[in-house]
Every structure is written in structure tokens, then in C-alpha cells.
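Trainee: Following this line is coords.txt, made up of compact mmCIF, N, CA and C atoms:
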# COMPACT_ATOMS: atom_id res chain seq x y z
N MET A 1 -19.91 -14.05 -17.70
CA MET A 1 -19.90 -12.68 -18.15
C MET A 1 -21.33 -12.18 -18.26
N HIS A 2 -21.51 -10.89 -18.10
CA HIS A 2 -22.83 -10.28 -18.19
C HIS A 2 -23.07 -9.76 -19.59
N ASP A 3 -24.28 -9.89 -20.04
CA ASP A 3 -24.71 -9.27 -21.28
C ASP A 3 -24.84 -7.77 -21.01
N ASP A 4 -24.54 -6.94 -22.00
CA ASP A 4 -24.64 -5.49 -21.80
C ASP A 4 -26.01 -5.07 -21.33
N ASP A 5 -27.07 -5.77 -21.80
CA ASP A 5 -28.42 -5.41 -21.37
C ASP A 5 -28.61 -5.66 -19.88
N ASP A 6 -27.89 -6.65 -19.34
CA ASP A 6 -28.00 -6.96 -17.92
C ASP A 6 -27.44 -5.83 -17.05
N LEU A 7 -26.56 -5.01 -17.62
CA LEU A 7 -25.91 -3.95 -16.85
C LEU A 7 -26.64 -2.62 -16.92
N ASP A 8 -27.74 -2.56 -17.68
CA ASP A 8 -28.47 -1.29 -17.79
C ASP A 8 -28.92 -0.78 -16.42
N HIS A 9 -29.30 -1.68 -15.52
CA HIS A 9 -29.74 -1.25 -14.20
C HIS A 9 -28.59 -0.66 -13.38
N VAL A 10 -27.37 -1.00 -13.72
CA VAL A 10 -26.21 -0.48 -13.01
C VAL A 10 -25.71 0.80 -13.66
N HIS A 11 -25.58 0.77 -14.97
CA HIS A 11 -24.97 1.88 -15.69
C HIS A 11 -25.97 2.87 -16.25
N GLY A 12 -27.22 2.48 -16.43
CA GLY A 12 -28.16 3.34 -17.12
C GLY A 12 -27.77 3.38 -18.59
N SER A 13 -28.28 4.37 -19.29
CA SER A 13 -27.91 4.48 -20.70
C SER A 13 -26.60 5.25 -20.81
N GLY A 14 -25.94 5.09 -21.93
CA GLY A 14 -24.66 5.77 -22.14
C GLY A 14 -23.51 4.81 -21.97
N PRO A 15 -22.30 5.33 -22.08
CA PRO A 15 -21.12 4.47 -21.99
C PRO A 15 -20.95 3.90 -20.59
N PRO A 16 -20.35 2.71 -20.50
CA PRO A 16 -20.13 2.12 -19.17
C PRO A 16 -19.15 2.96 -18.35
N ARG A 17 -19.30 2.89 -17.04
CA ARG A 17 -18.40 3.61 -16.13
C ARG A 17 -17.40 2.61 -15.56
N PHE A 18 -16.15 3.04 -15.43
CA PHE A 18 -15.09 2.14 -14.98
C PHE A 18 -14.45 2.66 -13.71
N PHE A 19 -14.03 1.75 -12.87
CA PHE A 19 -13.19 2.07 -11.73
C PHE A 19 -11.75 1.94 -12.21
N PHE A 20 -10.90 2.91 -11.92
CA PHE A 20 -9.52 2.87 -12.39
C PHE A 20 -8.53 2.44 -11.32
N ALA A 21 -8.76 2.79 -10.07
CA ALA A 21 -7.80 2.44 -9.03
C ALA A 21 -8.45 2.62 -7.66
N ALA A 22 -7.89 1.92 -6.70
CA ALA A 22 -8.23 2.13 -5.29
C ALA A 22 -6.93 2.50 -4.59
N VAL A 23 -6.96 3.53 -3.77
CA VAL A 23 -5.75 4.02 -3.12
C VAL A 23 -5.93 3.92 -1.61
N ASN A 24 -5.00 3.25 -0.94
CA ASN A 24 -5.03 3.19 0.52
C ASN A 24 -4.76 4.58 1.08
N VAL A 25 -5.49 4.93 2.14
CA VAL A 25 -5.22 6.15 2.90
C VAL A 25 -4.95 5.72 4.33
N PHE A 26 -3.68 5.84 4.75
CA PHE A 26 -3.28 5.46 6.09
C PHE A 26 -3.36 6.67 7.01
N LEU A 27 -3.86 6.45 8.22
CA LEU A 27 -3.89 7.50 9.24
C LEU A 27 -2.56 7.47 9.98
N VAL A 28 -1.87 8.61 10.02
CA VAL A 28 -0.54 8.69 10.63
C VAL A 28 -0.44 9.92 11.50
N ASP A 29 0.54 9.92 12.40
CA ASP A 29 0.75 11.05 13.30
C ASP A 29 1.54 12.18 12.64
N ASP A 30 2.47 11.85 11.76
CA ASP A 30 3.39 12.84 11.20
C ASP A 30 3.52 12.63 9.70
N ILE A 31 2.86 13.48 8.93
CA ILE A 31 2.86 13.37 7.47
C ILE A 31 4.27 13.50 6.91
N GLU A 32 5.00 14.52 7.35
CA GLU A 32 6.34 14.76 6.79
C GLU A 32 7.28 13.57 7.05
N ALA A 33 7.30 13.07 8.26
CA ALA A 33 8.17 11.92 8.57
C ALA A 33 7.76 10.70 7.75
N THR A 34 6.46 10.53 7.54
CA THR A 34 5.97 9.37 6.80
C THR A 34 6.36 9.43 5.33
N VAL A 35 6.11 10.56 4.67
CA VAL A 35 6.45 10.63 3.24
C VAL A 35 7.97 10.56 3.04
N GLU A 36 8.73 11.11 3.97
CA GLU A 36 10.20 11.02 3.88
C GLU A 36 10.67 9.58 4.05
N TYR A 37 10.05 8.83 4.96
CA TYR A 37 10.38 7.41 5.14
C TYR A 37 10.10 6.65 3.85
N TYR A 38 8.92 6.85 3.27
CA TYR A 38 8.57 6.13 2.04
C TYR A 38 9.50 6.51 0.89
N ARG A 39 9.98 7.75 0.86
CA ARG A 39 10.95 8.16 -0.16
C ARG A 39 12.31 7.53 0.12
N ASP A 40 12.83 7.73 1.33
CA ASP A 40 14.21 7.35 1.64
C ASP A 40 14.40 5.85 1.84
N ILE A 41 13.44 5.18 2.44
CA ILE A 41 13.59 3.76 2.77
C ILE A 41 12.94 2.86 1.73
N LEU A 42 11.76 3.23 1.24
CA LEU A 42 11.03 2.35 0.32
C LEU A 42 11.15 2.77 -1.14
N GLY A 43 11.82 3.90 -1.42
CA GLY A 43 12.08 4.29 -2.80
C GLY A 43 10.91 4.91 -3.54
N PHE A 44 9.91 5.40 -2.82
CA PHE A 44 8.77 6.08 -3.45
C PHE A 44 9.15 7.53 -3.76
N GLU A 45 8.35 8.18 -4.60
CA GLU A 45 8.47 9.61 -4.84
C GLU A 45 7.38 10.31 -4.03
N ILE A 46 7.71 11.47 -3.49
CA ILE A 46 6.69 12.28 -2.80
C ILE A 46 5.93 13.04 -3.87
N ASP A 47 4.63 12.77 -3.99
CA ASP A 47 3.81 13.45 -4.99
C ASP A 47 3.33 14.80 -4.49
N PHE A 48 2.88 14.84 -3.24
CA PHE A 48 2.50 16.12 -2.65
C PHE A 48 2.33 15.99 -1.15
N VAL A 49 2.45 17.12 -0.49
CA VAL A 49 2.14 17.26 0.94
C VAL A 49 1.25 18.49 1.02
N TYR A 50 0.11 18.36 1.71
CA TYR A 50 -0.87 19.44 1.76
C TYR A 50 -1.05 19.93 3.19
N GLY A 51 -1.10 21.25 3.34
CA GLY A 51 -1.40 21.88 4.62
C GLY A 51 -0.16 22.39 5.33
N ASP A 52 -0.39 23.35 6.21
CA ASP A 52 0.68 23.92 7.03
C ASP A 52 0.14 24.12 8.43
N PRO A 53 0.36 23.19 9.35
CA PRO A 53 1.19 21.99 9.21
C PRO A 53 0.52 20.95 8.31
N PRO A 54 1.31 20.02 7.75
CA PRO A 54 0.77 19.04 6.81
C PRO A 54 -0.33 18.17 7.44
N ILE A 55 -1.42 18.01 6.67
CA ILE A 55 -2.52 17.16 7.11
C ILE A 55 -2.77 16.01 6.14
N TYR A 56 -2.14 16.04 4.97
CA TYR A 56 -2.36 15.01 3.96
C TYR A 56 -1.14 14.92 3.06
N GLY A 57 -0.83 13.73 2.58
CA GLY A 57 0.30 13.56 1.67
C GLY A 57 0.11 12.34 0.81
N SER A 58 0.87 12.29 -0.29
CA SER A 58 0.78 11.17 -1.21
C SER A 58 2.16 10.81 -1.73
N VAL A 59 2.40 9.50 -1.88
CA VAL A 59 3.64 8.99 -2.46
C VAL A 59 3.28 7.98 -3.54
N SER A 60 4.23 7.77 -4.47
CA SER A 60 4.01 6.76 -5.50
C SER A 60 5.34 6.17 -5.94
N ARG A 61 5.23 4.95 -6.43
CA ARG A 61 6.37 4.29 -7.06
C ARG A 61 5.77 3.50 -8.21
N ASN A 62 6.09 3.93 -9.42
CA ASN A 62 5.45 3.39 -10.62
C ASN A 62 3.94 3.56 -10.47
N ASP A 63 3.17 2.49 -10.55
CA ASP A 63 1.71 2.60 -10.45
C ASP A 63 1.17 2.42 -9.03
N ALA A 64 2.04 2.18 -8.07
CA ALA A 64 1.61 2.01 -6.68
C ALA A 64 1.51 3.38 -6.02
N ILE A 65 0.33 3.70 -5.48
CA ILE A 65 0.08 5.00 -4.85
C ILE A 65 -0.43 4.75 -3.43
N LEU A 66 0.13 5.48 -2.47
CA LEU A 66 -0.35 5.45 -1.09
C LEU A 66 -0.55 6.88 -0.62
N ASN A 67 -1.64 7.11 0.10
CA ASN A 67 -1.91 8.42 0.68
C ASN A 67 -1.90 8.32 2.19
N PHE A 68 -1.67 9.47 2.83
CA PHE A 68 -1.59 9.54 4.28
C PHE A 68 -2.39 10.73 4.77
N SER A 69 -3.16 10.53 5.83
CA SER A 69 -3.93 11.59 6.44
C SER A 69 -3.54 11.68 7.91
N ARG A 70 -3.39 12.91 8.40
CA ARG A 70 -2.96 13.07 9.79
C ARG A 70 -4.03 12.57 10.75
N SER A 71 -3.58 11.83 11.74
CA SER A 71 -4.46 11.27 12.76
C SER A 71 -4.41 12.16 13.99
N ASP A 72 -5.55 12.44 14.55
CA ASP A 72 -5.59 13.24 15.77
C ASP A 72 -6.72 12.70 16.62
N PRO A 73 -6.50 12.25 17.83
CA PRO A 73 -5.25 12.30 18.58
C PRO A 73 -4.27 11.23 18.12
N ALA A 74 -3.03 11.42 18.51
CA ALA A 74 -1.97 10.49 18.13
C ALA A 74 -2.31 9.07 18.56
N GLY A 75 -1.95 8.12 17.73
CA GLY A 75 -2.16 6.72 18.08
C GLY A 75 -3.46 6.13 17.61
N ARG A 76 -4.41 6.92 17.15
CA ARG A 76 -5.68 6.38 16.68
C ARG A 76 -5.58 6.08 15.19
N ARG A 77 -4.94 4.95 14.89
CA ARG A 77 -4.76 4.56 13.50
C ARG A 77 -5.58 3.31 13.24
N ASN A 78 -6.13 3.25 12.05
CA ASN A 78 -6.99 2.11 11.71
C ASN A 78 -6.20 0.82 11.63
N GLY A 79 -6.67 -0.19 12.33
CA GLY A 79 -6.15 -1.53 12.18
C GLY A 79 -4.90 -1.89 12.96
N ILE A 80 -4.18 -0.94 13.49
CA ILE A 80 -2.91 -1.29 14.14
C ILE A 80 -3.19 -2.09 15.40
N GLY A 81 -2.55 -3.23 15.47
CA GLY A 81 -2.68 -4.08 16.64
C GLY A 81 -3.93 -4.92 16.67
N SER A 82 -4.89 -4.68 15.79
CA SER A 82 -6.14 -5.42 15.86
C SER A 82 -5.98 -6.87 15.42
N ALA A 83 -5.10 -7.11 14.47
CA ALA A 83 -4.94 -8.47 13.98
C ALA A 83 -3.91 -9.25 14.79
N GLY A 84 -3.01 -8.56 15.44
CA GLY A 84 -1.95 -9.23 16.20
C GLY A 84 -0.76 -9.50 15.32
N PRO A 85 0.38 -9.77 15.93
CA PRO A 85 1.61 -9.99 15.18
C PRO A 85 1.47 -11.13 14.17
N GLY A 86 1.93 -10.88 12.97
CA GLY A 86 1.92 -11.91 11.94
C GLY A 86 0.59 -12.16 11.27
N ASN A 87 -0.43 -11.43 11.65
CA ASN A 87 -1.75 -11.63 11.06
C ASN A 87 -2.16 -10.42 10.25
N GLY A 88 -2.52 -10.65 9.02
CA GLY A 88 -3.06 -9.59 8.19
C GLY A 88 -2.02 -8.59 7.74
N VAL A 89 -2.39 -7.85 6.71
CA VAL A 89 -1.57 -6.76 6.21
C VAL A 89 -2.48 -5.57 5.98
N ASP A 90 -1.88 -4.40 5.95
CA ASP A 90 -2.65 -3.18 5.72
C ASP A 90 -2.68 -2.78 4.26
N ALA A 91 -1.71 -3.26 3.46
CA ALA A 91 -1.70 -3.00 2.02
C ALA A 91 -0.90 -4.10 1.33
N LEU A 92 -1.32 -4.42 0.12
CA LEU A 92 -0.61 -5.36 -0.74
C LEU A 92 -0.07 -4.56 -1.91
N ILE A 93 1.23 -4.62 -2.13
CA ILE A 93 1.86 -3.92 -3.25
C ILE A 93 2.43 -4.99 -4.17
N VAL A 94 1.93 -5.03 -5.40
CA VAL A 94 2.36 -6.03 -6.38
C VAL A 94 3.51 -5.45 -7.19
N VAL A 95 4.60 -6.22 -7.31
CA VAL A 95 5.82 -5.77 -7.98
C VAL A 95 6.20 -6.77 -9.07
N SER A 96 7.20 -6.40 -9.88
CA SER A 96 7.63 -7.29 -10.96
C SER A 96 8.62 -8.35 -10.49
N ASP A 97 9.50 -8.01 -9.56
CA ASP A 97 10.52 -8.96 -9.09
C ASP A 97 10.67 -8.83 -7.58
N VAL A 98 9.99 -9.68 -6.86
CA VAL A 98 9.92 -9.57 -5.41
C VAL A 98 11.29 -9.76 -4.75
N ASP A 99 12.13 -10.62 -5.29
CA ASP A 99 13.44 -10.86 -4.68
C ASP A 99 14.35 -9.64 -4.81
N ASP A 100 14.34 -9.00 -5.98
CA ASP A 100 15.14 -7.78 -6.16
C ASP A 100 14.65 -6.66 -5.26
N ILE A 101 13.33 -6.51 -5.14
CA ILE A 101 12.76 -5.46 -4.29
C ILE A 101 13.11 -5.74 -2.83
N TYR A 102 13.04 -7.00 -2.42
CA TYR A 102 13.41 -7.37 -1.05
C TYR A 102 14.85 -6.94 -0.75
N THR A 103 15.77 -7.28 -1.65
CA THR A 103 17.18 -6.91 -1.46
C THR A 103 17.34 -5.40 -1.39
N GLU A 104 16.68 -4.69 -2.30
CA GLU A 104 16.76 -3.22 -2.30
C GLU A 104 16.26 -2.62 -1.00
N LEU A 105 15.07 -3.04 -0.55
CA LEU A 105 14.48 -2.45 0.65
C LEU A 105 15.27 -2.81 1.90
N LYS A 106 15.79 -4.02 1.95
CA LYS A 106 16.63 -4.43 3.09
C LYS A 106 17.88 -3.56 3.15
N GLU A 107 18.51 -3.32 1.99
CA GLU A 107 19.70 -2.46 1.95
C GLU A 107 19.39 -1.02 2.34
N ARG A 108 18.17 -0.56 2.07
CA ARG A 108 17.76 0.80 2.43
C ARG A 108 17.38 0.93 3.90
N GLY A 109 17.29 -0.20 4.60
CA GLY A 109 16.99 -0.17 6.02
C GLY A 109 15.55 -0.45 6.39
N ALA A 110 14.76 -1.01 5.48
CA ALA A 110 13.37 -1.34 5.80
C ALA A 110 13.32 -2.42 6.87
N LYS A 111 12.31 -2.35 7.73
CA LYS A 111 12.10 -3.37 8.76
C LYS A 111 11.34 -4.53 8.12
N THR A 112 12.07 -5.58 7.78
CA THR A 112 11.44 -6.74 7.15
C THR A 112 10.91 -7.68 8.23
N LEU A 113 9.71 -8.19 8.00
CA LEU A 113 9.08 -9.13 8.92
C LEU A 113 9.23 -10.56 8.45
N SER A 114 9.51 -10.74 7.16
CA SER A 114 9.72 -12.08 6.61
C SER A 114 10.56 -11.97 5.34
N GLU A 115 11.17 -13.07 4.97
CA GLU A 115 11.90 -13.14 3.71
C GLU A 115 10.92 -13.56 2.61
N PRO A 116 11.29 -13.35 1.34
CA PRO A 116 10.40 -13.79 0.26
C PRO A 116 10.14 -15.29 0.32
N ARG A 117 8.85 -15.65 0.19
CA ARG A 117 8.44 -17.05 0.18
C ARG A 117 7.38 -17.25 -0.89
N SER A 118 7.47 -18.36 -1.58
CA SER A 118 6.44 -18.73 -2.56
C SER A 118 5.26 -19.33 -1.81
N GLN A 119 4.07 -18.83 -2.11
CA GLN A 119 2.85 -19.27 -1.43
C GLN A 119 2.03 -20.16 -2.36
N ASP A 120 1.21 -21.03 -1.78
CA ASP A 120 0.41 -21.95 -2.59
C ASP A 120 -0.77 -21.26 -3.28
N TYR A 121 -0.97 -19.98 -3.04
CA TYR A 121 -2.03 -19.24 -3.72
C TYR A 121 -1.50 -18.42 -4.89
N GLY A 122 -0.27 -18.72 -5.33
CA GLY A 122 0.24 -18.12 -6.56
C GLY A 122 0.97 -16.80 -6.42
N MET A 123 1.45 -16.51 -5.23
CA MET A 123 2.22 -15.28 -5.01
C MET A 123 3.53 -15.63 -4.31
N ARG A 124 4.58 -14.88 -4.63
CA ARG A 124 5.82 -14.92 -3.87
C ARG A 124 5.87 -13.59 -3.16
N GLU A 125 6.00 -13.59 -1.83
CA GLU A 125 5.84 -12.35 -1.08
C GLU A 125 6.73 -12.30 0.15
N PHE A 126 6.91 -11.07 0.62
CA PHE A 126 7.53 -10.82 1.92
C PHE A 126 6.77 -9.68 2.56
N HIS A 127 7.02 -9.47 3.86
CA HIS A 127 6.30 -8.44 4.60
C HIS A 127 7.28 -7.48 5.25
N ILE A 128 6.89 -6.22 5.28
CA ILE A 128 7.65 -5.19 5.99
C ILE A 128 6.70 -4.43 6.90
N GLU A 129 7.30 -3.71 7.85
CA GLU A 129 6.52 -2.84 8.72
C GLU A 129 7.08 -1.44 8.58
N ASP A 130 6.21 -0.46 8.36
CA ASP A 130 6.70 0.91 8.19
C ASP A 130 6.85 1.61 9.54
N LEU A 131 7.24 2.87 9.52
CA LEU A 131 7.50 3.60 10.75
C LEU A 131 6.25 3.84 11.59
N ASN A 132 5.06 3.65 11.01
CA ASN A 132 3.80 3.82 11.73
C ASN A 132 3.19 2.48 12.14
N SER A 133 3.95 1.40 12.00
CA SER A 133 3.54 0.03 12.33
C SER A 133 2.53 -0.56 11.35
N TYR A 134 2.38 0.04 10.18
CA TYR A 134 1.55 -0.57 9.15
C TYR A 134 2.34 -1.70 8.51
N ARG A 135 1.64 -2.81 8.25
CA ARG A 135 2.27 -3.98 7.63
C ARG A 135 1.95 -3.99 6.14
N LEU A 136 3.01 -4.06 5.32
CA LEU A 136 2.86 -4.09 3.87
C LEU A 136 3.33 -5.44 3.35
N ALA A 137 2.53 -6.06 2.50
CA ALA A 137 2.94 -7.26 1.79
C ALA A 137 3.45 -6.82 0.43
N ILE A 138 4.66 -7.21 0.08
CA ILE A 138 5.24 -6.93 -1.22
C ILE A 138 5.24 -8.27 -1.96
N ALA A 139 4.60 -8.34 -3.12
CA ALA A 139 4.38 -9.64 -3.75
C ALA A 139 4.46 -9.58 -5.27
N ALA A 140 4.75 -10.73 -5.86
CA ALA A 140 4.72 -10.91 -7.30
C ALA A 140 3.99 -12.22 -7.60
N GLU A 141 3.25 -12.23 -8.69
CA GLU A 141 2.56 -13.45 -9.10
C GLU A 141 3.58 -14.47 -9.57
N ILE A 142 3.31 -15.75 -9.27
CA ILE A 142 4.18 -16.85 -9.72
C ILE A 142 3.30 -17.93 -10.33
N ASP A 143 3.92 -18.78 -11.15
CA ASP A 143 3.22 -19.93 -11.71
C ASP A 143 3.20 -21.03 -10.66
N LEU A 144 2.06 -21.68 -10.57
CA LEU A 144 1.94 -22.80 -9.62
C LEU A 144 2.32 -24.10 -10.27
The structure in this file should be written as C-alpha cells.
Mentor:
Amino acid sequence: MHDDDDLDHVHGSGPPRFFFAAVNVFLVDDIEATVEYYRDILGFEIDFVYGDPPIYGSVSRNDAILNFSRSDPAGRRNGIGSAGPGNGVDALIVVSDVDDIYTELKERGAKTLSEPRSQDYGMREFHIEDLNSYRLAIAAEIDL
């Protein structure tokens, strides 16, 4: 741990500054189709869609927030295809009960890439692919 005096060069004087969250922003071709997919298939709420035609949107489910920005030209999305099948994920979403969420999303029609598995790094997880080919890991912490 750092002594408060050690952080003066970072924070300066006054109260410390905190980071509260990091939000993924995915580049997509169709904002409306994307937020509707996340609502209808993954159970998120649509927080907002901005622009006419839409150029930005946001969805959330509990404390998980994802944003989307329109990609132009079509197909220029960050990371798609770069890792290859089965390698890497574009977002990790931590949940309370991974098996229940897996069952729910499968029943809603989500494209699952794997079933829930307990990993040796302390997570039980499964993977899905969204309509834009982004890979999401859905995971819960487990005791080793």
C-alpha cells in the first residue's frame, strides 16, 4: 500500500481522485439493431439512443454498462477477427450466478460459444457472440 504522502505527486493537494467505472464502447454498423438485440436477447435496458439517424447508444443491466458508436464504413470494427475463433473476448461481464444467466440467455436465443465451465483462475464462465460478432465472457467468481 502507498502512504498518502507518496501519492502527492499523483493527486496534488486536496482530496484523492477516484475512477468509478470503465465502459466498453463497441463500434457497430446499426445502433438501433444493436440496442434492440441487447434488450431482447441479453435482457439489458436501453438507456439512450442519440442522433437521427442514431450514431451512439447505451444499454445497461444492473451495474453492467455497454455503449455503442456507429462505425463508418461498415465492417471497420475494433478487434473483430484479429484474435481468431476461440481466442480473446471483447468484454467481460461479471454476474452473480453464471449458470442461471446462461440458461436465461440460451432461452432468449443468444448465440453461445461455450457452456459454463469452472476455470483454474477462479472464475466460472461461458462465452457468447453478439449480432456484431463481438465475443462476451459472462463470468462469476468461484472459490478455488
Trainee: Distance atom N of Asn132 in chain A-atom C of Ser118 in chain A, one decimal place?
Mentor: 26.3 Å
Trainee: Tell me, in Å to one decimal, how far atom C of Pro116 in chain A is from atom N of Asp130 in chain A.
Mentor: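 These two atoms are separated by 17.3 Å.
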Trainee: Just to confirm, what's the straight-line distance from CA of Ser69 in chain A to CA of Gly57 in chain A in Å (one decimal)?
Mentor: 6.7 Å
Trainee: Pick the closest to Ala64 in chain A from A:Ala33, A:Ala139, A:Val94, A:Val28: which is it, counting all atoms listed in the file?
Mentor: A:Val94
Trainee: Counting all atoms listed in the file, which residues sit no farther than 6 Å from the position (12.5, 5.3, 6.6) in the file's frame? I'd like them as a PyMOL selection string.
Mentor: chain A and resi 36-38+40-42
